[in-house]
file target.json (JSON, C-alpha atoms)
[["chain", "number", "residue", "atom", "x", "y", "z"],
["O", 170, "MET", "CA", -14.41, -4.50, -8.37],
["O", 171, "PHE", "CA", -11.85, -3.12, -10.81],
["O", 172, "GLU", "CA", -13.23, -2.40, -14.24],
["O", 173, "GLY", "CA", -10.70, -1.24, -16.74],
["O", 174, "ASN", "CA", -9.05, -2.05, -20.00],
["O", 175, "LEU", "CA", -6.82, -4.77, -18.63],
["O", 176, "ASP", "CA", -5.31, -6.90, -21.40],
["O", 177, "ARG", "CA", -5.82, -10.50, -20.32],
["O", 178, "SER", "CA", -4.30, -12.08, -23.43],
["O", 179, "TYR", "CA", -0.87, -12.49, -21.85],
["O", 180, "VAL", "CA", 0.94, -13.16, -18.61],
["O", 181, "THR", "CA", 4.04, -11.19, -17.67],
["O", 182, "THR", "CA", 6.84, -13.63, -16.96],
["O", 183, "TYR", "CA", 9.44, -13.31, -14.22],
["O", 184, "TYR", "CA", 11.85, -11.76, -16.71],
["O", 185, "LYS", "CA", 9.13, -9.33, -17.88],
["O", 186, "ARG", "CA", 8.21, -11.01, -21.15],
["O", 187, "LYS", "CA", 4.62, -10.65, -22.31],
["O", 188, "PHE", "CA", 3.74, -14.29, -22.89],
["O", 189, "ASN", "CA", 0.51, -15.18, -24.66],
["O", 190, "PRO", "CA", -0.19, -18.83, -23.86],
["O", 191, "THR", "CA", -2.39, -19.29, -26.93],
["O", 192, "ARG", "CA", 0.06, -17.62, -29.33],
["O", 193, "ALA", "CA", 3.48, -18.53, -28.02],
["O", 194, "VAL", "CA", 6.44, -17.06, -29.85],
["O", 195, "GLU", "CA", 10.05, -18.09, -29.38],
["O", 196, "LYS", "CA", 11.34, -14.62, -28.51],
["O", 197, "ASP", "CA", 9.20, -14.61, -25.34],
["O", 198, "ILE", "CA", 10.71, -17.86, -23.99],
["O", 199, "THR", "CA", 13.86, -17.89, -21.84],
["O", 200, "ILE", "CA", 15.63, -20.55, -19.81],
["O", 201, "GLY", "CA", 15.52, -18.15, -16.85],
["O", 202, "ASP", "CA", 11.73, -18.00, -16.94],
["O", 203, "VAL", "CA", 11.47, -21.77, -17.37],
["O", 204, "ALA", "CA", 13.83, -22.50, -14.46],
["O", 205, "HIS", "CA", 12.27, -19.90, -12.19],
["O", 206, "ALA", "CA", 8.67, -20.94, -12.77],
["O", 207, "LEU", "CA", 9.33, -24.69, -12.58],
["O", 208, "SER", "CA", 11.24, -24.20, -9.32],
["O", 209, "LEU", "CA", 8.09, -22.69, -7.82],
["O", 210, "ILE", "CA", 5.51, -25.19, -9.15],
["O", 211, "CYS", "CA", 4.93, -28.07, -6.76],
["O", 212, "ARG", "CA", 4.55, -31.60, -8.09],
["O", 213, "ALA", "CA", 1.28, -33.42, -7.47],
["O", 214, "ASN", "CA", -0.54, -30.13, -6.88],
["O", 215, "GLY", "CA", 1.18, -29.93, -3.50],
["O", 216, "HIS", "CA", -0.04, -33.30, -2.21],
["O", 217, "LEU", "CA", 3.39, -34.38, -0.97],
["O", 218, "LYS", "CA", 5.13, -34.42, 2.43],
["O", 219, "ILE", "CA", 7.32, -31.46, 1.41],
["O", 220, "PHE", "CA", 7.46, -28.84, -1.32],
["O", 221, "PHE", "CA", 9.01, -30.68, -4.25],
["O", 222, "SER", "CA", 9.06, -28.74, -7.49],
["O", 223, "VAL", "CA", 8.64, -29.69, -11.11],
["O", 224, "ALA", "CA", 12.20, -28.39, -11.60],
["O", 225, "GLN", "CA", 13.51, -30.85, -8.99],
["O", 226, "HIS", "CA", 11.72, -33.66, -10.81],
["O", 227, "SER", "CA", 13.17, -32.50, -14.13],
["O", 228, "ILE", "CA", 16.68, -32.32, -12.65],
["O", 229, "ASN", "CA", 16.25, -35.85, -11.31],
["O", 230, "CYS", "CA", 15.22, -37.04, -14.77],
["O", 231, "ALA", "CA", 18.33, -35.48, -16.33],
["O", 232, "LEU", "CA", 20.59, -36.93, -13.62],
["O", 233, "GLU", "CA", 19.01, -40.36, -14.04],
["O", 234, "ALA", "CA", 19.64, -40.19, -17.80],
["O", 235, "LYS", "CA", 23.26, -39.27, -17.11],
["O", 236, "GLU", "CA", 23.70, -42.17, -14.66],
["O", 237, "ARG", "CA", 22.30, -44.53, -17.27],
["O", 238, "GLY", "CA", 25.00, -43.37, -19.67],
["O", 239, "LEU", "CA", 22.56, -41.76, -22.09],
["O", 240, "SER", "CA", 23.53, -38.99, -24.49],
["O", 241, "THR", "CA", 23.65, -35.32, -23.53],
["O", 242, "LYS", "CA", 20.79, -34.83, -26.00],
["O", 243, "ILE", "CA", 18.60, -37.21, -23.96],
["O", 244, "GLN", "CA", 19.77, -35.65, -20.69],
["O", 245, "LEU", "CA", 18.81, -32.19, -21.96],
["O", 246, "GLN", "CA", 15.44, -33.44, -23.18],
["O", 247, "CYS", "CA", 14.86, -35.03, -19.75],
["O", 248, "LEU", "CA", 15.67, -31.73, -18.07],
["O", 249, "LEU", "CA", 13.22, -29.87, -20.30],
["O", 250, "HIS", "CA", 10.49, -32.50, -20.70],
["O", 251, "ASP", "CA", 8.03, -30.43, -18.61],
["O", 252, "ALA", "CA", 9.24, -27.00, -19.77],
["O", 253, "SER", "CA", 5.85, -25.98, -21.15],
["O", 254, "GLU", "CA", 4.50, -26.17, -17.59],
["O", 255, "ALA", "CA", 6.50, -23.03, -16.80],
["O", 256, "TYR", "CA", 3.96, -21.17, -18.91],
["O", 257, "ILE", "CA", 0.72, -23.14, -18.47],
["O", 258, "GLY", "CA", 1.15, -24.84, -15.10],
["O", 259, "ASP", "CA", 1.13, -28.48, -14.14],
["O", 260, "VAL", "CA", -2.10, -30.35, -14.70],
["O", 261, "ILE", "CA", -2.37, -33.57, -12.71],
["O", 262, "THR", "CA", -2.13, -36.71, -14.85],
["O", 263, "PRO", "CA", -5.64, -38.09, -14.15],
["O", 264, "LEU", "CA", -7.17, -34.86, -15.46],
["O", 265, "LYS", "CA", -4.67, -34.40, -18.30],
["O", 266, "ILE", "CA", -5.65, -37.82, -19.69],
["O", 267, "GLN", "CA", -9.21, -36.53, -20.11],
["O", 268, "LEU", "CA", -8.28, -33.23, -21.75],
["O", 269, "ASN", "CA", -7.39, -34.01, -25.36],
["O", 270, "ALA", "CA", -7.37, -30.38, -26.49],
["O", 271, "TYR", "CA", -5.10, -29.48, -23.57],
["O", 272, "LYS", "CA", -2.66, -32.27, -24.48],
["O", 273, "GLU", "CA", -2.51, -31.04, -28.08],
["O", 274, "TYR", "CA", -1.88, -27.48, -26.93],
["O", 275, "GLU", "CA", 0.73, -28.61, -24.39],
["O", 276, "ASN", "CA", 2.57, -30.61, -27.07],
["O", 277, "ALA", "CA", 2.60, -27.64, -29.45],
["O", 278, "LEU", "CA", 3.79, -25.29, -26.72],
["O", 279, "GLN", "CA", 6.47, -27.78, -25.64],
["O", 280, "ALA", "CA", 7.77, -27.89, -29.23],
["O", 281, "THR", "CA", 7.89, -24.07, -29.33],
["O", 282, "VAL", "CA", 9.71, -23.91, -25.98],
["O", 283, "LEU", "CA", 12.29, -26.49, -27.06],
["O", 284, "LYS", "CA", 12.88, -24.69, -30.35],
["O", 285, "ALA", "CA", 13.30, -21.37, -28.51],
["O", 286, "LEU", "CA", 15.87, -22.97, -26.19],
["O", 287, "GLY", "CA", 17.79, -24.47, -29.11],
["O", 288, "VAL", "CA", 16.93, -28.08, -28.37],
["O", 289, "ASP", "CA", 16.54, -30.62, -31.17],
["O", 290, "SER", "CA", 13.37, -32.62, -31.54],
["O", 291, "LEU", "CA", 13.48, -36.31, -30.74],
["O", 292, "ASN", "CA", 12.60, -39.44, -32.58],
["O", 293, "LYS", "CA", 10.03, -41.91, -31.21],
["O", 294, "ALA", "CA", 12.69, -44.16, -29.64],
["O", 295, "ASP", "CA", 14.18, -41.23, -27.70],
["O", 296, "GLU", "CA", 10.72, -40.09, -26.62],
["O", 297, "LYS", "CA", 10.06, -43.58, -25.26],
["O", 298, "VAL", "CA", 13.29, -43.48, -23.20],
["O", 299, "ILE", "CA", 12.41, -40.07, -21.76],
["O", 300, "LYS", "CA", 8.89, -41.23, -20.87],
["O", 301, "GLU", "CA", 10.36, -44.30, -19.14],
["O", 302, "ILE", "CA", 12.72, -42.12, -17.07],
["O", 303, "ASP", "CA", 9.87, -39.71, -16.29],
["O", 304, "SER", "CA", 7.73, -42.63, -15.05],
["O", 305, "CYS", "CA", 10.64, -44.03, -13.03],
["O", 306, "MET", "CA", 11.11, -40.69, -11.26],
["O", 307, "LEU", "CA", 7.36, -40.38, -10.73],
["O", 308, "TYR", "CA", 7.30, -43.77, -9.02],
["O", 309, "HIS", "CA", 10.29, -43.12, -6.77],
["O", 310, "GLU", "CA", 9.34, -39.53, -5.93],
["O", 311, "PHE", "CA", 5.85, -40.60, -4.90],
["O", 312, "LYS", "CA", 7.21, -43.55, -2.95],
["O", 313, "LEU", "CA", 9.59, -41.29, -1.02],
["O", 314, "LEU", "CA", 7.51, -38.13, -0.71],
["O", 315, "HIS", "CA", 4.00, -39.53, -0.49],
["O", 316, "GLY", "CA", 4.37, -43.13, 0.63],
["O", 317, "GLU", "CA", 2.43, -44.40, -2.38],
["O", 318, "LEU", "CA", 3.51, -47.14, -4.78],
["O", 319, "LEU", "CA", 2.13, -46.18, -8.19],
["O", 320, "PHE", "CA", 3.05, -49.28, -10.19],
["O", 321, "LYS", "CA", 3.07, -53.00, -9.42],
["O", 322, "LYS", "CA", 6.70, -53.35, -10.50],
["O", 323, "GLU", "CA", 9.25, -50.95, -9.05],
["O", 324, "PRO", "CA", 11.40, -49.38, -11.77],
["O", 325, "GLU", "CA", 15.16, -49.55, -11.34],
["O", 326, "ILE", "CA", 16.67, -46.22, -10.30],
["O", 327, "HIS", "CA", 20.31, -45.13, -10.53],
["O", 328, "ILE", "CA", 20.26, -41.91, -8.48],
["O", 329, "SER", "CA", 19.23, -40.92, -4.98],
["O", 330, "ILE", "CA", 16.29, -38.58, -4.60],
["O", 331, "ASN", "CA", 16.72, -35.82, -2.04],
["O", 332, "GLU", "CA", 13.90, -36.10, 0.49],
["O", 333, "ASN", "CA", 14.68, -32.71, 2.05],
["O", 334, "GLU", "CA", 13.06, -29.50, 0.99],
["O", 335, "VAL", "CA", 15.41, -27.41, -1.14],
["O", 336, "PRO", "CA", 14.98, -23.62, -1.50],
["O", 337, "HIS", "CA", 13.57, -22.75, -4.91],
["O", 338, "ASN", "CA", 16.44, -20.38, -5.75],
["O", 339, "GLU", "CA", 18.94, -23.25, -5.33],
["O", 340, "VAL", "CA", 16.83, -25.49, -7.55],
["O", 341, "GLU", "CA", 16.49, -22.71, -10.12],
["O", 342, "ALA", "CA", 20.27, -22.17, -10.20],
["O", 343, "GLN", "CA", 20.97, -25.92, -10.52],
["O", 344, "PHE", "CA", 18.43, -26.21, -13.36],
["O", 345, "ILE", "CA", 20.11, -23.38, -15.29],
["O", 346, "GLN", "CA", 23.58, -24.76, -14.60],
["O", 347, "ILE", "CA", 22.66, -28.21, -15.91],
["O", 348, "TYR", "CA", 21.00, -26.66, -18.96],
["O", 349, "ARG", "CA", 24.12, -24.62, -19.76],
["O", 350, "GLU", "CA", 26.44, -27.60, -19.25],
["O", 351, "LEU", "CA", 24.36, -29.79, -21.54],
["O", 352, "LYS", "CA", 24.00, -27.08, -24.19],
["O", 353, "THR", "CA", 27.78, -26.84, -24.56],
["O", 354, "TYR", "CA", 28.02, -30.36, -25.97]]
call {"tool": "encode", "arguments": {"input": "target.json", "output": "structure tokens"}}
result
Amino acid sequence: MFEGNLDRSYVTTYYKRKFNPTRAVEKDITIGDVAHALSLICRANGHLKIFFSVAQHSINCALEAKERGLSTKIQLQCLLHDASEAYIGDVITPLKIQLNAYKEYENALQATVLKALGVDSLNKADEKVIKEIDSCMLYHEFKLLHGELLFKKEPEIHISINENEVPHNEVEAQFIQIYRELKTY
């Protein structure tokens, strides 16, 4: 067993930032790290028919918002709604519901990530729209990729979900491209 003076207070990100998950600072957050990490984190802890990343889910949310004619602000928020997971991972919903301290930390980290990426905070009405789109994608992704119907009433969807596995580097590039397009507005 290795015994040394290893500093365990941070994780080194893909772009070599020293990120402390309990003391997040804006300068350590980049869209590249967010896109890269989310493209490699599988939804549902991997309990799907194929590898389907959090980044793919986030892209779907942004595309759904666009198809619904919602503002670029909402589209960008949809793209980044799970951005904190790039730094702390994806905790499955049934467990997350039980972890109040985790939810508080995740919300604070999400706010820091959004601020670092130059994204405005939302009002309660916008948050409700994003949550509705997130739930819609959850339903349709699970229906397609798991065969499970999560809600009694099927939410209306305006996009098609790709049921083929997509290489993470393609997802990462698409995530960054959408982010940059939406940030120019």
call {"tool": "residues_near_point", "arguments": {"input": "target.json", "point": "(2.5, -30.1, -11.6)", "cutoff": "6 Å", "atoms": "only C-alpha atoms", "output": "PDB file with C-alpha atoms, in the frame of the given file"}}
result
ATOM      1  CA  CYS O 211       4.930 -28.070  -6.760  1.00  0.00           C
ATOM      2  CA  ARG O 212       4.550 -31.600  -8.090  1.00  0.00           C
ATOM      3  CA  ALA O 213       1.280 -33.420  -7.470  1.00  0.00           C
ATOM      4  CA  ASN O 214      -0.540 -30.130  -6.880  1.00  0.00           C
ATOM      5  CA  ASP O 259       1.130 -28.480 -14.140  1.00  0.00           C
ATOM      6  CA  VAL O 260      -2.100 -30.350 -14.700  1.00  0.00           C
TER       7      VAL O 260
END
call {"tool": "residues_around", "arguments": {"input": "target.json", "residues": "segment 346-352 of chain O", "least_positions_apart": "2", "cutoff": "7 Å", "atoms": "only C-alpha atoms", "output": "list in words"}}
result
Thr241, Leu245, Ala342, Gln343, Phe344 and Tyr354 of chain O
call {"tool": "axis_aligned_box", "arguments": {"input": "target.json", "around": "segment 255-273 of chain O", "padding_each_side": "3 Å", "output": "JSON"}}
result
{"center_x": -1.4, "center_y": -29.6, "center_z": -20.4, "size_x": 21.7, "size_y": 22.9, "size_z": 21.4}
call {"tool": "closest_atom_pairs", "arguments": {"input": "target.json", "of": "segment 196-240 of chain O", "to": "segment 179-190 of chain O", "cutoff": "10 Å", "atoms": "all atoms listed in the file", "output": "CSV"}}
result
residue,atom,partner,partner_atom,distance
O:Lys196,CA,O:Arg186,CA,8.8
O:Asp197,CA,O:Arg186,CA,5.6
O:Ile198,CA,O:Arg186,CA,7.8
O:Thr199,CA,O:Tyr184,CA,8.2
O:Gly201,CA,O:Tyr184,CA,7.4
O:Asp202,CA,O:Tyr183,CA,5.9
O:Val203,CA,O:Tyr183,CA,9.3
O:His205,CA,O:Tyr183,CA,7.5
O:Ala206,CA,O:Tyr183,CA,7.8
call {"tool": "closest_residue", "arguments": {"input": "target.json", "among": "O:Ala285, O:Thr353, O:Tyr308, O:Asp251", "to": "Lys321 of chain O", "atoms": "only C-alpha atoms"}}
result
O:Tyr308
call {"tool": "closest_residue", "arguments": {"input": "target.json", "among": "O:Asn276, O:Gln225, O:Asn333, O:Thr281", "to": "Cys247 of chain O", "atoms": "all atoms listed in the file"}}
result
O:Gln225
call {"tool": "closest_residue", "arguments": {"input": "target.json", "among": "O:Lys265, O:Cys305, O:Ile200, O:Leu318", "to": "Cys230 of chain O", "atoms": "only C-alpha atoms"}}
result
O:Cys305
call {"tool": "closest_residue", "arguments": {"input": "target.json", "among": "O:Leu291, O:Leu209, O:Ala270, O:Ile228", "to": "Asn331 of chain O", "atoms": "only C-alpha atoms"}}
result
O:Ile228
call {"tool": "decode", "arguments": {"input": "target.json", "residues": "segment 224-238 of chain O", "atoms": "all heavy atoms", "output": "tab-separated table (two decimals), in the first residue's frame"}}
result
chain	number	residue	atom	x	y	z
O	224	ALA	N	-24.02	14.16	-21.04
O	224	ALA	CA	-23.90	15.21	-22.06
O	224	ALA	C	-24.94	15.02	-23.17
O	224	ALA	O	-25.52	16.00	-23.63
O	224	ALA	CB	-22.49	15.22	-22.65
O	225	GLN	N	-25.17	13.78	-23.59
O	225	GLN	CA	-26.20	13.53	-24.61
O	225	GLN	C	-27.56	13.95	-24.09
O	225	GLN	O	-28.35	14.56	-24.82
O	225	GLN	CB	-26.22	12.06	-25.00
O	225	GLN	CG	-25.04	11.65	-25.85
O	225	GLN	CD	-24.97	10.14	-26.02
O	225	GLN	OE1	-24.46	9.44	-25.16
O	225	GLN	NE2	-25.49	9.67	-27.13
O	226	HIS	N	-27.85	13.62	-22.85
O	226	HIS	CA	-29.11	14.03	-22.24
O	226	HIS	C	-29.22	15.56	-22.22
O	226	HIS	O	-30.26	16.13	-22.58
O	226	HIS	CB	-29.20	13.47	-20.81
O	226	HIS	CG	-30.22	14.13	-19.96
O	226	HIS	ND1	-31.57	13.91	-20.11
O	226	HIS	CD2	-30.09	15.02	-18.95
O	226	HIS	CE1	-32.23	14.64	-19.23
O	226	HIS	NE2	-31.35	15.32	-18.51
O	227	SER	N	-28.15	16.22	-21.83
O	227	SER	CA	-28.15	17.68	-21.75
O	227	SER	C	-28.33	18.32	-23.13
O	227	SER	O	-29.06	19.31	-23.28
O	227	SER	CB	-26.85	18.17	-21.12
O	227	SER	OG	-26.75	17.67	-19.80
O	228	ILE	N	-27.69	17.75	-24.14
O	228	ILE	CA	-27.86	18.22	-25.51
O	228	ILE	C	-29.32	18.05	-25.93
O	228	ILE	O	-29.92	18.96	-26.52
O	228	ILE	CB	-26.91	17.47	-26.46
O	228	ILE	CG1	-25.47	17.92	-26.23
O	228	ILE	CG2	-27.31	17.67	-27.93
O	228	ILE	CD1	-24.42	17.03	-26.87
O	229	ASN	N	-29.89	16.89	-25.63
O	229	ASN	CA	-31.31	16.67	-25.95
O	229	ASN	C	-32.20	17.70	-25.29
O	229	ASN	O	-33.15	18.19	-25.91
O	229	ASN	CB	-31.74	15.26	-25.54
O	229	ASN	CG	-31.25	14.19	-26.48
O	229	ASN	OD1	-30.86	14.47	-27.62
O	229	ASN	ND2	-31.25	12.96	-26.02
O	230	CYS	N	-31.92	18.03	-24.04
O	230	CYS	CA	-32.71	19.05	-23.34
O	230	CYS	C	-32.62	20.39	-24.06
O	230	CYS	O	-33.63	21.07	-24.26
O	230	CYS	CB	-32.26	19.17	-21.89
O	230	CYS	SG	-32.70	17.77	-20.84
O	231	ALA	N	-31.41	20.78	-24.46
O	231	ALA	CA	-31.23	22.06	-25.17
O	231	ALA	C	-31.94	22.04	-26.52
O	231	ALA	O	-32.59	23.02	-26.91
O	231	ALA	CB	-29.74	22.35	-25.35
O	232	LEU	N	-31.84	20.92	-27.24
O	232	LEU	CA	-32.51	20.82	-28.55
O	232	LEU	C	-34.03	20.83	-28.40
O	232	LEU	O	-34.73	21.42	-29.22
O	232	LEU	CB	-32.04	19.56	-29.28
O	232	LEU	CG	-30.56	19.53	-29.67
O	232	LEU	CD1	-30.20	18.18	-30.28
O	232	LEU	CD2	-30.21	20.67	-30.62
O	233	GLU	N	-34.52	20.19	-27.35
O	233	GLU	CA	-35.96	20.21	-27.09
O	233	GLU	C	-36.44	21.63	-26.80
O	233	GLU	O	-37.47	22.07	-27.30
O	233	GLU	CB	-36.30	19.27	-25.93
O	233	GLU	CG	-37.76	19.24	-25.54
O	233	GLU	CD	-38.69	18.58	-26.54
O	233	GLU	OE1	-38.22	17.90	-27.49
O	233	GLU	OE2	-39.92	18.74	-26.39
O	234	ALA	N	-35.67	22.36	-26.00
O	234	ALA	CA	-36.02	23.76	-25.71
O	234	ALA	C	-36.04	24.58	-26.99
O	234	ALA	O	-36.94	25.41	-27.19
O	234	ALA	CB	-35.03	24.35	-24.70
O	235	LYS	N	-35.09	24.35	-27.86
O	235	LYS	CA	-35.04	25.07	-29.14
O	235	LYS	C	-36.26	24.74	-29.99
O	235	LYS	O	-36.89	25.64	-30.55
O	235	LYS	CB	-33.76	24.70	-29.90
O	235	LYS	CG	-33.60	25.43	-31.21
O	235	LYS	CD	-32.29	25.08	-31.89
O	235	LYS	CE	-32.13	25.86	-33.17
O	235	LYS	NZ	-30.83	25.58	-33.81
O	236	GLU	N	-36.61	23.46	-30.07
O	236	GLU	CA	-37.78	23.05	-30.87
O	236	GLU	C	-39.07	23.61	-30.31
O	236	GLU	O	-40.03	23.81	-31.04
O	236	GLU	CB	-37.86	21.52	-30.96
O	236	GLU	CG	-36.90	20.92	-31.94
O	236	GLU	CD	-37.11	21.43	-33.37
O	236	GLU	OE1	-38.27	21.41	-33.85
O	236	GLU	OE2	-36.13	21.85	-34.00
O	237	ARG	N	-39.11	23.86	-29.04
O	237	ARG	CA	-40.30	24.45	-28.41
O	237	ARG	C	-40.34	25.96	-28.59
O	237	ARG	O	-41.26	26.63	-28.12
O	237	ARG	CB	-40.34	24.11	-26.92
O	237	ARG	CG	-40.58	22.65	-26.63
O	237	ARG	CD	-40.67	22.38	-25.16
O	237	ARG	NE	-40.82	20.96	-24.88
O	237	ARG	CZ	-41.17	20.48	-23.70
O	237	ARG	NH1	-41.40	21.30	-22.68
O	237	ARG	NH2	-41.28	19.18	-23.53
O	238	GLY	N	-39.32	26.51	-29.23
O	238	GLY	CA	-39.27	27.95	-29.47
O	238	GLY	C	-38.89	28.77	-28.25
O	238	GLY	O	-39.18	29.96	-28.19
